[in-house]
file data-v5.txt (compact mmCIF, C-alpha atoms)
# COMPACT_ATOMS: atom_id res chain seq x y z
CA GLU A 1 -147.24 36.63 140.80
CA ALA A 2 -146.92 35.24 137.28
CA THR A 3 -147.52 38.70 135.80
CA GLU A 4 -144.84 40.17 138.07
CA ALA A 5 -142.44 37.39 137.14
CA TRP A 6 -142.96 37.97 133.41
CA ALA A 7 -142.57 41.72 133.88
CA ALA A 8 -139.31 41.20 135.78
CA SER A 9 -138.11 38.81 133.09
CA ASP A 10 -138.95 41.28 130.32
CA ALA A 11 -137.21 44.07 132.21
CA GLU A 12 -134.07 41.97 132.63
CA LYS A 13 -134.05 41.04 128.93
CA LYS A 14 -134.42 44.71 128.04
CA ARG A 15 -131.58 45.63 130.37
CA GLN A 16 -129.33 42.94 128.87
CA GLN A 17 -130.16 44.09 125.32
CA GLU A 18 -129.43 47.71 126.22
CA GLU A 19 -126.11 46.60 127.73
CA ARG A 20 -125.22 44.69 124.55
CA ASP A 21 -126.18 47.70 122.43
CA ARG A 22 -124.03 49.97 124.60
CA ARG A 23 -121.02 47.67 124.30
CA GLU A 24 -121.48 47.45 120.52
CA ARG A 25 -121.62 51.26 120.26
CA GLU A 26 -118.49 51.58 122.37
CA GLU A 27 -116.67 48.99 120.27
CA ARG A 28 -117.67 50.70 117.02
CA HIS A 29 -116.55 54.02 118.47
CA ARG A 30 -113.21 52.56 119.60
CA VAL A 31 -112.56 51.04 116.18
CA ARG A 32 -113.49 54.30 114.44
CA VAL A 33 -111.25 56.38 116.72
CA GLU A 34 -108.32 54.01 116.16
CA GLU A 35 -108.88 54.24 112.40
CA LEU A 36 -108.96 58.05 112.52
CA LEU A 37 -105.84 58.16 114.69
CA GLY A 38 -104.04 55.89 112.25
CA ARG A 39 -104.92 58.18 109.35
CA SER A 40 -104.28 61.43 111.22
CA GLY A 41 -100.49 61.44 111.05
CA ILE A 42 -100.15 62.06 114.80
CA LYS A 43 -96.90 60.43 115.88
CA GLN A 44 -96.49 58.32 118.98
CA ARG A 45 -94.87 61.05 121.08
CA PHE A 46 -97.89 63.32 120.72
CA LEU A 47 -100.62 60.80 121.55
CA ARG A 48 -100.35 61.83 125.22
CA ARG A 49 -100.38 65.58 124.60
CA THR A 50 -103.85 66.27 125.94
CA PHE A 51 -105.55 69.29 127.45
CA GLU A 52 -105.46 67.55 130.83
CA ASN A 53 -101.66 67.47 131.04
CA PHE A 54 -100.90 70.87 129.49
CA VAL A 55 -99.00 72.95 132.05
CA THR A 56 -100.50 76.42 132.58
CA ASP A 57 -97.68 77.81 134.69
CA THR A 58 -97.65 81.31 133.18
CA PRO A 59 -100.44 83.75 132.29
CA GLU A 60 -99.54 83.40 128.59
CA ARG A 61 -99.74 79.59 128.67
CA LYS A 62 -103.01 79.74 130.60
CA ARG A 63 -104.50 82.12 128.03
CA SER A 64 -103.28 79.93 125.15
CA TYR A 65 -104.82 76.88 126.81
CA GLU A 66 -108.16 78.62 127.27
CA ILE A 67 -108.28 79.74 123.62
CA ALA A 68 -107.36 76.26 122.35
CA ARG A 69 -109.84 74.51 124.64
CA ALA A 70 -112.63 76.93 123.72
CA TYR A 71 -111.87 76.30 120.04
CA ALA A 72 -112.14 72.53 120.49
CA ASP A 73 -115.33 72.81 122.55
CA ASP A 74 -116.95 75.03 119.91
CA PHE A 75 -115.57 73.22 116.87
CA GLU A 76 -119.01 72.71 115.34
CA ARG A 77 -119.32 76.46 114.81
CA HIS A 78 -115.70 76.84 113.66
CA SER A 79 -116.22 73.98 111.23
CA VAL A 80 -119.18 75.74 109.65
CA GLU A 81 -117.41 79.12 109.54
CA GLY A 82 -114.08 77.70 108.39
CA SER A 83 -112.24 79.50 111.21
CA GLY A 84 -108.96 78.21 112.62
CA LEU A 85 -106.01 79.10 114.83
CA TYR A 86 -102.56 80.52 114.14
CA ILE A 87 -100.21 79.57 116.98
CA GLU A 88 -96.91 81.46 116.93
CA GLY A 89 -94.19 81.23 119.55
CA THR A 90 -90.64 80.24 120.42
CA PHE A 91 -89.38 76.78 121.32
CA GLY A 92 -90.94 75.10 124.34
CA THR A 93 -94.03 77.28 124.65
CA GLY A 94 -96.45 74.41 124.05
CA LYS A 95 -97.63 75.18 120.51
CA THR A 96 -97.48 71.58 119.29
CA HIS A 97 -98.93 70.27 122.55
CA LEU A 98 -102.04 72.44 122.19
CA ALA A 99 -102.43 71.58 118.51
CA ALA A 100 -102.15 67.87 119.32
CA ALA A 101 -104.62 68.25 122.20
CA ILE A 102 -107.17 69.78 119.84
CA ALA A 103 -106.60 66.97 117.34
CA LEU A 104 -107.00 64.21 119.93
CA TYR A 105 -110.10 65.85 121.41
CA LEU A 106 -111.79 66.07 118.00
CA ILE A 107 -110.75 62.59 116.89
CA GLU A 108 -112.43 61.25 120.02
CA GLN A 109 -115.57 62.88 118.62
CA GLU A 110 -114.94 60.99 115.36
CA ARG A 111 -113.81 64.05 113.43
CA ARG A 112 -111.38 63.60 110.52
CA VAL A 113 -108.23 65.44 111.55
CA ILE A 114 -104.83 65.46 109.83
CA PHE A 115 -101.87 66.55 111.94
CA LYS A 116 -98.62 66.88 109.98
CA THR A 117 -95.43 68.89 110.15
CA ALA A 118 -95.03 70.93 106.99
CA ASP A 119 -92.01 68.77 106.14
CA ASP A 120 -93.98 65.50 106.49
CA LEU A 121 -96.88 66.91 104.50
CA PHE A 122 -94.66 67.61 101.48
CA ARG A 123 -92.74 64.34 101.88
CA ASP A 124 -95.98 62.35 101.74
CA ILE A 125 -96.93 64.06 98.47
CA LYS A 126 -93.49 63.40 96.95
CA GLU A 127 -93.70 59.70 97.80
CA THR A 128 -96.64 59.38 95.39
CA PHE A 129 -94.72 60.71 92.38
CA ASP A 130 -93.60 57.32 91.07
CA LYS A 131 -97.05 55.79 91.36
CA ASP A 132 -99.65 55.74 88.61
CA ASP A 133 -102.61 54.83 90.81
CA GLY A 134 -103.85 58.33 91.54
CA SER A 135 -102.15 58.39 94.95
CA GLU A 136 -101.14 62.03 94.63
CA GLN A 137 -104.69 63.18 94.00
CA LYS A 138 -105.97 60.99 96.82
CA ILE A 139 -103.56 62.41 99.38
CA LEU A 140 -104.20 65.98 98.24
CA ALA A 141 -107.92 65.32 98.52
CA ARG A 142 -107.43 64.14 102.10
CA TYR A 143 -105.57 67.34 102.96
CA LYS A 144 -108.23 69.48 101.33
CA GLU A 145 -111.33 67.66 102.55
CA CYS A 146 -110.62 66.57 106.14
CA ASP A 147 -112.58 68.29 108.92
CA LEU A 148 -109.45 69.97 110.29
CA LEU A 149 -105.93 70.28 108.85
CA ILE A 150 -103.15 71.04 111.32
CA VAL A 151 -99.79 72.09 109.82
CA ASP A 152 -97.15 71.98 112.54
CA ASP A 153 -93.83 73.84 112.44
CA LEU A 154 -94.50 75.83 109.28
CA GLY A 155 -91.23 77.36 108.10
CA LYS A 156 -89.02 74.48 109.24
CA GLU A 157 -89.25 72.72 105.87
CA GLN A 158 -86.86 73.44 103.01
CA ALA A 159 -88.90 75.94 101.04
CA THR A 160 -88.89 75.72 97.26
CA ASP A 161 -91.10 77.00 94.50
CA TRP A 162 -92.80 73.58 94.52
CA THR A 163 -93.46 73.50 98.28
CA THR A 164 -94.92 77.00 98.37
CA ALA A 165 -97.10 76.18 95.36
CA GLN A 166 -98.38 73.01 97.07
CA LEU A 167 -99.01 74.81 100.35
CA TYR A 168 -100.89 77.59 98.60
CA ALA A 169 -103.00 75.12 96.61
CA ILE A 170 -104.00 73.18 99.74
CA LEU A 171 -104.69 76.16 101.99
CA ASN A 172 -106.42 78.15 99.26
CA ASP A 173 -108.73 75.22 98.52
CA ARG A 174 -109.64 74.96 102.19
CA TYR A 175 -110.10 78.75 102.34
CA GLU A 176 -112.49 78.71 99.39
CA ASN A 177 -114.46 75.78 100.83
CA GLN A 178 -114.49 77.21 104.38
CA LYS A 179 -112.51 74.35 105.89
CA PRO A 180 -110.60 75.24 109.09
CA VAL A 181 -106.82 75.16 109.43
CA ILE A 182 -104.52 75.34 112.43
CA ILE A 183 -100.95 76.53 111.87
CA THR A 184 -98.07 76.42 114.36
CA THR A 185 -94.78 78.18 113.69
CA ASN A 186 -91.69 79.48 115.47
CA PHE A 187 -91.47 82.48 113.14
CA ASN A 188 -93.11 85.86 113.30
CA GLU A 189 -94.69 87.06 110.08
CA ASP A 190 -91.58 88.74 108.66
CA GLY A 191 -89.48 85.70 109.53
CA LEU A 192 -91.97 83.34 107.90
CA ILE A 193 -92.02 85.42 104.71
CA ALA A 194 -88.21 85.27 104.65
CA VAL A 195 -87.89 81.50 105.10
CA GLU A 196 -90.76 80.71 102.73
CA SER A 197 -89.35 82.86 99.92
CA PRO A 198 -85.66 81.98 99.45
CA ARG A 199 -83.73 82.84 96.28
CA ASN A 200 -85.71 82.14 93.10
CA VAL A 201 -88.94 81.84 95.11
CA GLY A 202 -91.06 84.97 95.14
CA GLU A 203 -92.95 86.28 98.16
CA HIS A 204 -96.31 86.38 96.39
CA ARG A 205 -97.51 82.92 97.48
CA ILE A 206 -96.55 83.14 101.16
CA ARG A 207 -98.06 86.63 101.32
CA ALA A 208 -101.26 85.30 99.75
CA ILE A 209 -101.27 82.44 102.28
CA LEU A 210 -100.78 84.83 105.19
CA SER A 211 -103.54 87.08 103.86
CA ARG A 212 -105.97 84.14 103.97
CA LEU A 213 -104.78 83.13 107.43
CA HIS A 214 -105.29 86.68 108.69
CA GLU A 215 -108.87 86.47 107.50
CA THR A 216 -109.71 83.01 108.82
CA THR A 217 -107.64 82.36 111.97
CA THR A 218 -107.40 83.64 115.50
call {"tool": "encode", "arguments": {"input": "data-v5.txt", "output": "structure tokens"}}
result
Amino acid sequence: EATEAWAASDAEKKRQQEERDRREREERHRVRVEELLGRSGIKQRFLRRTFENFVTDTPERKRSYEIARAYADDFERHSVEGSGLYIEGTFGTGKTHLAAAIALYLIEQERRVIFKTADDLFRDIKETFDKDDGSEQKILARYKECDLLIVDDLGKEQATDWTTAQLYAILNDRYENQKPVIITTNFNEDGLIAVESPRNVGEHRIRAILSRLHETTT
């Protein structure tokens, strides 16, 4: 009886320790996810844009959902290969929703994801110009080194020679280091070339960017 009592006591202590360990892991995970969300750039409105509430009411939306979900599920392979997605479509088709759903899914797996509109991406860089603490290099490093960079609404920003140079530098660095990128845009390819190469800005950079995206994105 004493042996059984000690065995039961040991089993209960083990169970309690395992429960404490589980809670500690969950708390560490929660803190890490909150930290990654805070650094991701995902705005409040998009924190609820998950795969679960994406509406697949047309064959096209269903196909887009399946491609995006398969990408997220197989991100380990895409991360190694440096392969991404290029999501093109008109207003209201769910481009940003799917991109946000991928971001949230991967952040829950403690992946470093940055989700920015093209306009916000350039604004964040400009805000470092008056600082002498290396902020510009730090933010560029984050864009270049994160596990996944999502550039939302490409073509909506005011394109200049500086913005196209920055975009090329970031995407080319990720291309060379096989880091995946997801792009969403309302423009077809000809439209994107037009808006990204206004007067005094040549087409060479946006064409080079698109060439790399053709090679590395679905």
call {"tool": "closest_residue", "arguments": {"input": "data-v5.txt", "among": "A:Glu27, A:Arg45, A:Gly92, A:Thr163", "to": "Val201 in chain A", "atoms": "all atoms listed in the file"}}
result
A:Thr163
call {"tool": "closest_residue", "arguments": {"input": "data-v5.txt", "among": "A:Leu47, A:Ala101, A:Leu154, A:Leu121", "to": "Asn186 in chain A", "atoms": "only C-alpha atoms"}}
result
A:Leu154
call {"tool": "closest_residue", "arguments": {"input": "data-v5.txt", "among": "A:Ile183, A:Ala159, A:Ala165, A:Leu98", "to": "His204 in chain A", "atoms": "all atoms listed in the file"}}
result
A:Ala165
call {"tool": "closest_residue", "arguments": {"input": "data-v5.txt", "among": "A:Leu85, A:Val195, A:Leu149, A:Ile125", "to": "Leu213 in chain A", "atoms": "all atoms listed in the file"}}
result
A:Leu85
call {"tool": "atom_distance", "arguments": {"input": "data-v5.txt", "atom1": "CA of Val33 in chain A", "atom2": "CA of Arg49 in chain A"}}
result
16.3 Å
call {"tool": "closest_residue", "arguments": {"input": "data-v5.txt", "among": "A:Asp57, A:Asp73, A:Glu81, A:Glu157", "to": "Ile102 in chain A", "atoms": "only C-alpha atoms"}}
result
A:Asp73
call {"tool": "residues_around", "arguments": {"input": "data-v5.txt", "residues": "Arg48 in chain A", "least_positions_apart": "2", "cutoff": "9 Å", "atoms": "all atoms listed in the file", "output": "ChimeraX atom specification"}}
result
/A:44-46,50,53,97,100-101,104
call {"tool": "closest_residue", "arguments": {"input": "data-v5.txt", "among": "A:His78, A:Gly94, A:Ile182, A:Glu19", "to": "Ser64 in chain A", "atoms": "only C-alpha atoms"}}
result
A:Gly94
call {"tool": "build_atoms", "arguments": {"input": "data-v5.txt", "residues": "range 99-110 of chain A", "atoms": "N, CA and C atoms", "output": "short mmCIF file (atom, residue, chain, number, x, y, z; two decimals), keeping the file's coordinate frame"}}
result
data_model
loop_
_atom_site.label_atom_id
_atom_site.label_comp_id
_atom_site.auth_asym_id
_atom_site.auth_seq_id
_atom_site.Cartn_x
_atom_site.Cartn_y
_atom_site.Cartn_z
N ALA A 99 -101.90 72.03 119.80
CA ALA A 99 -102.43 71.58 118.51
C ALA A 99 -102.78 70.10 118.57
N ALA A 100 -101.89 69.31 119.18
CA ALA A 100 -102.15 67.87 119.32
C ALA A 100 -103.35 67.62 120.22
N ALA A 101 -103.49 68.41 121.29
CA ALA A 101 -104.62 68.25 122.20
C ALA A 101 -105.94 68.50 121.47
N ILE A 102 -105.97 69.52 120.63
CA ILE A 102 -107.17 69.78 119.84
C ILE A 102 -107.46 68.60 118.92
N ALA A 103 -106.42 68.10 118.26
CA ALA A 103 -106.60 66.97 117.34
C ALA A 103 -107.15 65.76 118.06
N LEU A 104 -106.56 65.39 119.19
CA LEU A 104 -107.00 64.21 119.93
C LEU A 104 -108.44 64.38 120.44
N TYR A 105 -108.75 65.56 120.91
CA TYR A 105 -110.10 65.85 121.41
C TYR A 105 -111.13 65.65 120.30
N LEU A 106 -110.83 66.15 119.10
CA LEU A 106 -111.79 66.07 118.00
C LEU A 106 -111.86 64.67 117.41
N ILE A 107 -110.73 63.97 117.37
CA ILE A 107 -110.75 62.59 116.89
C ILE A 107 -111.61 61.73 117.80
N GLU A 108 -111.58 61.99 119.08
CA GLU A 108 -112.43 61.25 120.02
C GLU A 108 -113.91 61.49 119.70
N GLN A 109 -114.20 62.60 119.07
CA GLN A 109 -115.57 62.88 118.62
C GLN A 109 -115.81 62.40 117.19
N GLU A 110 -114.87 61.59 116.69
CA GLU A 110 -114.94 60.99 115.36
C GLU A 110 -114.88 62.02 114.24
#
